[in-house]
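Shown next: final_15.pdb, containing PDB, C-alpha atoms, pLDDT in the B column.
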ATOM      1  CA  MET C   1      27.467   3.975 -17.616  1.00 46.00           C
ATOM      2  CA  ASN C   2      23.754   3.412 -16.881  1.00 53.00           C
ATOM      3  CA  LYS C   3      22.892   0.222 -15.088  1.00 63.00           C
ATOM      4  CA  VAL C   4      19.871  -1.588 -16.575  1.00 62.00           C
ATOM      5  CA  LYS C   5      17.266  -1.798 -13.833  1.00 81.00           C
ATOM      6  CA  PHE C   6      14.672  -3.936 -15.593  1.00 87.00           C
ATOM      7  CA  LYS C   7      14.448  -6.523 -18.326  1.00 88.00           C
ATOM      8  CA  ILE C   8      11.507  -7.819 -20.317  1.00 91.00           C
ATOM      9  CA  GLY C   9       9.557 -10.343 -18.280  1.00 90.00           C
ATOM     10  CA  ASP C  10      10.363  -8.814 -14.865  1.00 89.00           C
ATOM     11  CA  ALA C  11       7.485  -8.621 -12.380  1.00 89.00           C
ATOM     12  CA  VAL C  12       7.153  -5.026 -11.159  1.00 88.00           C
ATOM     13  CA  GLU C  13       4.982  -2.861  -8.920  1.00 89.00           C
ATOM     14  CA  VAL C  14       4.387   0.883  -9.101  1.00 87.00           C
ATOM     15  CA  LEU C  15       5.851   2.718  -6.085  1.00 84.00           C
ATOM     16  CA  ASP C  16       2.995   5.197  -5.580  1.00 79.00           C
ATOM     17  CA  ASP C  17       0.073   2.965  -6.502  1.00 81.00           C
ATOM     18  CA  ALA C  18      -1.213  -0.573  -6.112  1.00 83.00           C
ATOM     19  CA  ILE C  19      -0.472  -1.552  -9.706  1.00 88.00           C
ATOM     20  CA  LYS C  20       1.474  -4.692 -10.590  1.00 89.00           C
ATOM     21  CA  GLY C  21       2.500  -5.994 -13.965  1.00 91.00           C
ATOM     22  CA  GLU C  22       5.126  -7.496 -16.203  1.00 92.00           C
ATOM     23  CA  VAL C  23       7.704  -5.562 -18.216  1.00 93.00           C
ATOM     24  CA  VAL C  24       6.905  -5.954 -21.933  1.00 95.00           C
ATOM     25  CA  LYS C  25       9.064  -3.223 -23.512  1.00 94.00           C
ATOM     26  CA  LEU C  26      11.969  -0.928 -22.598  1.00 92.00           C
ATOM     27  CA  GLU C  27      12.586   2.372 -24.369  1.00 90.00           C
ATOM     28  CA  GLY C  28      15.164   4.769 -22.911  1.00 87.00           C
ATOM     29  CA  LYS C  29      14.092   5.531 -19.335  1.00 86.00           C
ATOM     30  CA  SER C  30      10.516   4.403 -20.121  1.00 90.00           C
ATOM     31  CA  VAL C  31       9.291   1.006 -19.028  1.00 92.00           C
ATOM     32  CA  PHE C  32       6.156  -0.405 -20.616  1.00 95.00           C
ATOM     33  CA  ILE C  33       4.235  -2.933 -18.551  1.00 93.00           C
ATOM     34  CA  ARG C  34       1.132  -5.052 -18.936  1.00 93.00           C
ATOM     35  CA  THR C  35      -0.788  -4.896 -15.644  1.00 90.00           C
ATOM     36  CA  THR C  36      -2.171  -7.975 -13.943  1.00 85.00           C
ATOM     37  CA  ASP C  37      -5.555  -6.812 -15.294  1.00 83.00           C
ATOM     38  CA  GLY C  38      -4.145  -6.823 -18.853  1.00 87.00           C
ATOM     39  CA  PHE C  39      -3.796  -3.066 -19.406  1.00 89.00           C
ATOM     40  CA  PRO C  40      -0.698  -1.623 -21.109  1.00 90.00           C
ATOM     41  CA  MET C  41       0.902   1.238 -19.134  1.00 92.00           C
ATOM     42  CA  GLU C  42       4.072   3.311 -19.377  1.00 92.00           C
ATOM     43  CA  PHE C  43       6.217   4.422 -16.431  1.00 91.00           C
ATOM     44  CA  GLU C  44       9.637   5.881 -15.810  1.00 89.00           C
ATOM     45  CA  GLU C  45      12.198   3.493 -14.283  1.00 88.00           C
ATOM     46  CA  ARG C  46      12.216   5.406 -11.004  1.00 86.00           C
ATOM     47  CA  GLU C  47       8.458   4.854 -10.564  1.00 88.00           C
ATOM     48  CA  LEU C  48       8.801   1.052 -10.477  1.00 88.00           C
ATOM     49  CA  VAL C  49      10.282  -1.598  -8.233  1.00 87.00           C
ATOM     50  CA  ARG C  50      11.046  -5.187  -9.228  1.00 86.00           C
ATOM     51  CA  ILE C  51       9.184  -7.787  -7.197  1.00 84.00           C
ATOM     52  CA  SER C  52       9.603 -11.508  -6.823  1.00 72.00           C
ATOM     53  CA  ASN C  53       7.646 -13.732  -9.163  1.00 60.00           C
ATOM     54  CA  GLU C  54       5.604 -14.930  -6.194  1.00 56.00           C
ATOM     55  CA  ASN C  55       3.771 -11.548  -6.372  1.00 49.00           C
ATOM     56  CA  GLU C  56       5.098 -10.604  -2.966  1.00 52.00           C
ATOM     57  CA  LEU C  57       6.624  -7.181  -2.599  1.00 54.00           C
ATOM     58  CA  LYS C  58       9.896  -7.373  -0.664  1.00 60.00           C
ATOM     59  CA  VAL C  59      10.778  -3.769   0.129  1.00 66.00           C
ATOM     60  CA  THR C  60      11.857  -2.309   3.448  1.00 68.00           C
ATOM     61  CA  ASN C  61      10.906   1.153   4.675  1.00 71.00           C
ATOM     62  CA  MET C  62      14.492   2.228   3.981  1.00 73.00           C
ATOM     63  CA  ASP C  63      14.176   1.031   0.351  1.00 75.00           C
ATOM     64  CA  VAL C  64      11.023   3.122   0.017  1.00 75.00           C
ATOM     65  CA  PHE C  65      12.721   6.113   1.627  1.00 75.00           C
ATOM     66  CA  HIS C  66      15.672   5.895  -0.794  1.00 75.00           C
ATOM     67  CA  ALA C  67      13.410   5.389  -3.808  1.00 78.00           C
ATOM     68  CA  VAL C  68      11.209   8.345  -2.858  1.00 78.00           C
ATOM     69  CA  SER C  69      14.276  10.537  -2.234  1.00 78.00           C
ATOM     70  CA  GLU C  70      15.687   9.573  -5.630  1.00 78.00           C
ATOM     71  CA  LYS C  71      12.357  10.235  -7.301  1.00 77.00           C
ATOM     72  CA  GLN C  72      12.055  13.661  -5.658  1.00 75.00           C
ATOM     73  CA  LYS C  73      15.582  14.591  -6.796  1.00 73.00           C
ATOM     74  CA  GLY C  74      14.606  13.688 -10.370  1.00 68.00           C
ATOM     75  CA  GLU C  75      11.425  15.753 -10.126  1.00 64.00           C
ATOM     76  CA  LYS C  76      13.380  18.817  -9.009  1.00 62.00           C
ATOM     77  CA  ARG C  77      15.692  18.552 -12.031  1.00 59.00           C
ATOM     78  CA  LYS C  78      12.988  18.475 -14.686  1.00 56.00           C
ATOM     79  CA  LYS C  79       9.621  20.045 -15.174  1.00 56.00           C
ATOM     80  CA  LYS C  80       6.770  17.897 -14.022  1.00 51.00           C
ATOM     81  CA  SER C  81       4.869  16.297 -16.832  1.00 54.00           C
ATOM     82  CA  VAL C  82       1.174  17.001 -16.921  1.00 54.00           C
ATOM     83  CA  LYS C  83      -0.416  13.637 -16.429  1.00 57.00           C
ATOM     84  CA  MET C  84      -4.098  13.169 -15.772  1.00 53.00           C
ATOM     85  CA  GLU C  85      -4.754  10.355 -13.410  1.00 52.00           C
ATOM     86  CA  LYS C  86      -7.651   9.275 -11.285  1.00 58.00           C
ATOM     87  CA  VAL C  87      -6.600   9.112  -7.660  1.00 66.00           C
ATOM     88  CA  VAL C  88      -9.071   7.600  -5.242  1.00 68.00           C
ATOM     89  CA  PRO C  89      -8.113   8.359  -1.661  1.00 75.00           C
ATOM     90  CA  PRO C  90      -8.214   5.324   0.602  1.00 81.00           C
ATOM     91  CA  MET C  91     -10.830   4.909   3.318  1.00 88.00           C
ATOM     92  CA  GLU C  92      -9.172   5.717   6.655  1.00 91.00           C
ATOM     93  CA  VAL C  93      -9.965   4.100   9.988  1.00 92.00           C
ATOM     94  CA  ASP C  94      -8.288   5.508  13.102  1.00 92.00           C
ATOM     95  CA  LEU C  95      -8.067   2.707  15.674  1.00 92.00           C
ATOM     96  CA  HIS C  96      -6.658   4.841  18.498  1.00 90.00           C
ATOM     97  CA  ILE C  97      -8.849   3.977  21.485  1.00 90.00           C
ATOM     98  CA  HIS C  98      -9.842   7.597  22.215  1.00 89.00           C
ATOM     99  CA  LYS C  99     -11.366   7.742  18.710  1.00 90.00           C
ATOM    100  CA  LEU C 100     -13.502   4.642  19.340  1.00 90.00           C
ATOM    101  CA  THR C 101     -14.972   5.339  22.775  1.00 90.00           C
ATOM    102  CA  GLU C 102     -15.685   8.402  24.890  1.00 90.00           C
ATOM    103  CA  SER C 103     -14.100   6.883  27.984  1.00 89.00           C
ATOM    104  CA  THR C 104     -11.900   3.898  28.743  1.00 87.00           C
ATOM    105  CA  LYS C 105     -12.910   3.971  32.410  1.00 91.00           C
ATOM    106  CA  GLY C 106     -13.488   0.415  33.605  1.00 91.00           C
ATOM    107  CA  MET C 107     -11.997  -1.110  30.437  1.00 90.00           C
ATOM    108  CA  THR C 108      -9.072  -3.512  30.676  1.00 91.00           C
ATOM    109  CA  ASN C 109      -6.307  -3.539  28.055  1.00 91.00           C
ATOM    110  CA  PHE C 110      -7.924  -6.725  26.726  1.00 91.00           C
ATOM    111  CA  ASP C 111     -11.309  -4.930  26.362  1.00 92.00           C
ATOM    112  CA  MET C 112      -9.676  -2.030  24.507  1.00 91.00           C
ATOM    113  CA  LEU C 113      -7.769  -4.368  22.168  1.00 91.00           C
ATOM    114  CA  ASN C 114     -10.964  -6.318  21.418  1.00 92.00           C
ATOM    115  CA  LEU C 115     -12.820  -3.072  20.615  1.00 94.00           C
ATOM    116  CA  GLN C 116     -10.021  -2.036  18.238  1.00 93.00           C
ATOM    117  CA  VAL C 117      -9.831  -5.421  16.472  1.00 93.00           C
ATOM    118  CA  ASP C 118     -13.651  -5.719  16.234  1.00 95.00           C
ATOM    119  CA  THR C 119     -13.811  -2.207  14.736  1.00 94.00           C
ATOM    120  CA  ALA C 120     -11.118  -3.131  12.205  1.00 93.00           C
ATOM    121  CA  LYS C 121     -12.990  -6.319  11.246  1.00 94.00           C
ATOM    122  CA  HIS C 122     -16.309  -4.483  10.781  1.00 94.00           C
ATOM    123  CA  LYS C 123     -14.702  -1.714   8.705  1.00 93.00           C
ATOM    124  CA  LEU C 124     -12.867  -4.279   6.550  1.00 91.00           C
ATOM    125  CA  GLU C 125     -16.106  -6.219   5.968  1.00 91.00           C
ATOM    126  CA  PHE C 126     -17.838  -2.922   5.097  1.00 91.00           C
ATOM    127  CA  ALA C 127     -15.101  -2.074   2.574  1.00 90.00           C
ATOM    128  CA  ILE C 128     -15.296  -5.530   0.959  1.00 88.00           C
ATOM    129  CA  LYS C 129     -19.106  -5.406   0.780  1.00 90.00           C
ATOM    130  CA  ASN C 130     -19.083  -1.905  -0.737  1.00 89.00           C
ATOM    131  CA  ARG C 131     -16.231  -2.650  -3.172  1.00 88.00           C
ATOM    132  CA  ILE C 132     -13.876  -0.100  -1.605  1.00 88.00           C
ATOM    133  CA  GLN C 133     -10.435  -1.066  -2.887  1.00 90.00           C
ATOM    134  CA  LYS C 134      -8.121   0.615  -0.382  1.00 91.00           C
ATOM    135  CA  ILE C 135      -8.421   1.106   3.353  1.00 94.00           C
ATOM    136  CA  VAL C 136      -5.829   2.463   5.785  1.00 93.00           C
ATOM    137  CA  PHE C 137      -5.911   1.403   9.417  1.00 93.00           C
ATOM    138  CA  ILE C 138      -4.142   3.903  11.668  1.00 91.00           C
ATOM    139  CA  HIS C 139      -2.988   1.940  14.706  1.00 89.00           C
ATOM    140  CA  GLY C 140       0.043   3.817  16.009  1.00 86.00           C
ATOM    141  CA  VAL C 141       3.430   2.350  16.856  1.00 83.00           C
ATOM    142  CA  GLY C 142       3.231   1.435  20.571  1.00 81.00           C
ATOM    143  CA  GLN C 143       4.287  -2.079  21.607  1.00 83.00           C
ATOM    144  CA  GLY C 144       3.008  -3.659  18.384  1.00 84.00           C
ATOM    145  CA  VAL C 145       0.258  -5.738  20.020  1.00 90.00           C
ATOM    146  CA  LEU C 146      -2.569  -4.197  17.978  1.00 90.00           C
ATOM    147  CA  ARG C 147      -0.529  -4.393  14.776  1.00 89.00           C
ATOM    148  CA  THR C 148       0.145  -8.099  15.399  1.00 89.00           C
ATOM    149  CA  GLU C 149      -3.560  -8.758  16.009  1.00 92.00           C
ATOM    150  CA  LEU C 150      -4.463  -6.839  12.838  1.00 91.00           C
ATOM    151  CA  GLU C 151      -1.975  -8.855  10.776  1.00 89.00           C
ATOM    152  CA  TYR C 152      -3.532 -12.052  12.138  1.00 91.00           C
ATOM    153  CA  LEU C 153      -7.002 -10.742  11.170  1.00 92.00           C
ATOM    154  CA  PHE C 154      -5.891  -9.683   7.675  1.00 90.00           C
ATOM    155  CA  GLY C 155      -4.144 -13.007   7.115  1.00 90.00           C
ATOM    156  CA  ARG C 156      -7.530 -14.762   7.302  1.00 91.00           C
ATOM    157  CA  TYR C 157      -8.689 -13.088   4.071  1.00 90.00           C
ATOM    158  CA  ASP C 158      -7.645 -14.472   0.674  1.00 89.00           C
ATOM    159  CA  ASN C 159      -8.746 -11.442  -1.342  1.00 90.00           C
ATOM    160  CA  ILE C 160      -6.548  -8.803   0.326  1.00 92.00           C
ATOM    161  CA  LYS C 161      -2.930  -7.832   0.668  1.00 92.00           C
ATOM    162  CA  TYR C 162      -1.609  -5.563   3.391  1.00 89.00           C
ATOM    163  CA  TYR C 163       1.529  -3.508   3.764  1.00 90.00           C
ATOM    164  CA  ASP C 164       2.866  -0.449   5.574  1.00 90.00           C
ATOM    165  CA  ALA C 165       0.892   2.639   4.567  1.00 89.00           C
ATOM    166  CA  ASP C 166       2.672   5.639   3.015  1.00 88.00           C
ATOM    167  CA  TYR C 167       5.078   6.747   5.726  1.00 86.00           C
ATOM    168  CA  ARG C 168       5.065  10.368   4.472  1.00 88.00           C
ATOM    169  CA  THR C 169       1.338  10.576   5.215  1.00 86.00           C
ATOM    170  CA  TYR C 170       0.897   8.237   8.189  1.00 86.00           C
ATOM    171  CA  GLY C 171       4.335   7.656   9.674  1.00 85.00           C
ATOM    172  CA  LEU C 172       5.151   4.109  10.739  1.00 85.00           C
ATOM    173  CA  GLY C 173       1.897   3.471  12.638  1.00 88.00           C
ATOM    174  CA  ALA C 174      -0.485   2.587   9.810  1.00 91.00           C
ATOM    175  CA  THR C 175      -1.255  -0.391   7.593  1.00 92.00           C
ATOM    176  CA  GLU C 176      -2.833  -0.141   4.151  1.00 91.00           C
ATOM    177  CA  ILE C 177      -5.105  -2.863   2.809  1.00 92.00           C
ATOM    178  CA  TYR C 178      -5.667  -3.498  -0.888  1.00 91.00           C
ATOM    179  CA  ILE C 179      -8.845  -5.482  -1.623  1.00 89.00           C
ATOM    180  CA  PHE C 180      -8.880  -7.475  -4.851  1.00 89.00           C
ATOM    181  CA  GLN C 181     -12.267  -7.080  -6.537  1.00 80.00           C
ATOM    182  CA  ASN C 182     -13.762 -10.111  -8.237  1.00 73.00           C
ATOM    183  CA  GLY C 183     -15.754  -9.307 -11.352  1.00 56.00           C
TER     184      GLY C 183
END
The structure in this file should be written as structure tokens.
Amino acid sequence: MNKVKFKIGDAVEVLDDAIKGEVVKLEGKSVFIRTTDGFPMEFEERELVRISNENELKVTNMDVFHAVSEKQKGEKRKKKSVKMEKVVPPMEVDLHIHKLTESTKGMTNFDMLNLQVDTAKHKLEFAIKNRIQKIVFIHGVGQGVLRTELEYLFGRYDNIKYYDADYRTYGLGATEIYIFQNG
């Protein structure tokens, strides 16, 4: 017996893209949504995840891992459908210190952290100014100090959301930013 995953009115987000919407119709394994921008779209159940009505995605890395594994199993069983879609790769910013300066000689840990956070702020401002919608900051895993500072920086912006970047591409040491465009 198939368990119903979604019902009309559920808030959902697409697993592989920054698309959110509300379920408006269910037909077999197809789920029809109206995006937050008002566009109708169709997805398979396995491509979506239900989110809370507060528009906050509550998914752990393990949830993503299981969902991706399940999706890949489904793709192996059937032929891939030919679907044309526009994929814009995100802007990437590597914040590893050796990528930002030729030498760290004479720099304290505080100096290096400030250089990394200042670089992140300038790149984020550049992306906002140039209407770049996605940016990935590669910060590494380490002790989590830089990640904490980045989260504090990102939290000061109303027009962005941030989340772990695709672990298949970046591992656990990257954060993706989605910038909401006004107008």
(request) Between atom CA of C:Ala11 and atom CA of C:Thr148, measure the distance and give it in Å to one decimal. (result) 28.7 Å
(message) I'd like the contact shell of C:Gly28 - 10 Å cut-off, all atoms listed in the file, skipping same-chain residues fewer than 3 positions apart - returned as a list of chain:residue names.
(response)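 Residues meeting the cut-off are C:Val31, C:Glu44, C:Glu45.
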(message) At a cut-off of 12 Å around the point (-6.1, -7.7, -15.6) (file coordinates), what residues fall inside when counting only C-alpha atoms? I'd like the answer as a list of chain:residue names.
(response)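 Applying the cut-off with only C-alpha atoms, one gets C:Ile19, C:Lys20, C:Gly21, C:Glu22, C:Ile33, C:Arg34, C:Thr35, C:Thr36, C:Asp37, C:Gly38, C:Phe39, C:Pro40, C:Met41, C:Phe180, C:Gln181, C:Asn182, C:Gly183.
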Expected file contents, prior selection, C-alpha atoms, as a PDB file, in the frame of the given file:
ATOM      1  CA  ILE C  19      -0.472  -1.552  -9.706  1.00 88.00           C
ATOM      2  CA  LYS C  20       1.474  -4.692 -10.590  1.00 89.00           C
ATOM      3  CA  GLY C  21       2.500  -5.994 -13.965  1.00 91.00           C
ATOM      4  CA  GLU C  22       5.126  -7.496 -16.203  1.00 92.00           C
ATOM      5  CA  ILE C  33       4.235  -2.933 -18.551  1.00 93.00           C
ATOM      6  CA  ARG C  34       1.132  -5.052 -18.936  1.00 93.00           C
ATOM      7  CA  THR C  35      -0.788  -4.896 -15.644  1.00 90.00           C
ATOM      8  CA  THR C  36      -2.171  -7.975 -13.943  1.00 85.00           C
ATOM      9  CA  ASP C  37      -5.555  -6.812 -15.294  1.00 83.00           C
ATOM     10  CA  GLY C  38      -4.145  -6.823 -18.853  1.00 87.00           C
ATOM     11  CA  PHE C  39      -3.796  -3.066 -19.406  1.00 89.00           C
ATOM     12  CA  PRO C  40      -0.698  -1.623 -21.109  1.00 90.00           C
ATOM     13  CA  MET C  41       0.902   1.238 -19.134  1.00 92.00           C
ATOM     14  CA  PHE C 180      -8.880  -7.475  -4.851  1.00 89.00           C
ATOM     15  CA  GLN C 181     -12.267  -7.080  -6.537  1.00 80.00           C
ATOM     16  CA  ASN C 182     -13.762 -10.111  -8.237  1.00 73.00           C
ATOM     17  CA  GLY C 183     -15.754  -9.307 -11.352  1.00 56.00           C
TER      18      GLY C 183
END
(request) Skip C:Asn159 itself and residues of its chain fewer than 6 positions away, then list as a list of chain:residue names all residues within 12 Å of it, counting only C-alpha atoms. (result) C:Leu124, C:Glu125, C:Ala127, C:Ile128, C:Arg131, C:Gln133, C:Ile177, C:Tyr178, C:Ile179, C:Phe180, C:Gln181, C:Asn182
(request) Could you jot down the atom CA of C:Phe154 to atom CA of C:Lys105 separation for me, Å, one decimal place? (result) 29.1 Å
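Take atom CA of C:Phe137 and atom CA of C:Asn61: the distance between them is 17.5 Å.
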(message) Ranking C:Leu100, C:Ala165, C:Val14, C:Leu95 by minimum distance to C:Ile138 and counting all atoms listed in the file, which one comes first?
(response)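 Looking only at the distances to C:Ile138, the closest residue turns out to be C:Leu95.
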(message) When you look at C:Gln116 with a cut-off of 9 Å (counting all atoms listed in the file), what residues show up, excluding the ones that are within fewer than 5 positions of it in the same chain? I need them as a PyMOL selection string.
(response) chain C and resi 95-97+100+111+121+139+146
(request) Name the residues within 10 Å of (-10.3, 8.5, -0.4), counting all atoms listed in the file in the file's coordinates, and put them as a ChimeraX atom specification. (result) /C:87-92,132-136
How would the residues just chosen look if you wrote them out with C-alpha atoms as a tab-separated table (two decimals), in the coordinates of the input?
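And here is the file that came out, out_22.tsv:
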chain	number	residue	atom	x	y	z
C	87	VAL	CA	-6.60	9.11	-7.66
C	88	VAL	CA	-9.07	7.60	-5.24
C	89	PRO	CA	-8.11	8.36	-1.66
C	90	PRO	CA	-8.21	5.32	0.60
C	91	MET	CA	-10.83	4.91	3.32
C	92	GLU	CA	-9.17	5.72	6.66
C	132	ILE	CA	-13.88	-0.10	-1.60
C	133	GLN	CA	-10.44	-1.07	-2.89
C	134	LYS	CA	-8.12	0.62	-0.38
C	135	ILE	CA	-8.42	1.11	3.35
C	136	VAL	CA	-5.83	2.46	5.78
(request) Identify which of the residues C:Leu15, C:Met107, C:Leu26, C:Ala174 lies closest to C:Asp63, counting all atoms listed in the file when measuring atom-to-atom distances. (result) C:Leu15
(message) Just checking: using only C-alpha atoms, which residue out of C:Leu48, C:Ala18, C:Val93, C:Ile8 ends up closest to C:Lys161?
(response)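 Of C:Leu48, C:Ala18, C:Val93, C:Ile8, the one nearest C:Lys161 is C:Ala18, counting only C-alpha atoms.
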How big is the axis-aligned box around all listed atoms of stretch 114-123 of chain C once 5 Å goes on each side, and where's its centre, in Å to one decimal, as AutoDock Vina command-line options?
--center_x -13.1 --center_y -4.0 --center_z 15.1 --size_x 16.5 --size_y 14.6 --size_z 22.7
(request) Pick out the closest residue to C:Met112 from this set: C:Phe126, C:Glu27, C:Phe6, C:Val145. Count only C-alpha atoms. (result)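 Closest candidate: C:Val145.
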(request) Starting from the displayed file, determine the output of the PyMOL selection byres ((chain C and resi 68) around 12) and express the residue list as a PyMOL selection string. (result) chain C and resi 14-16+46-49+61-67+69-75+166-168
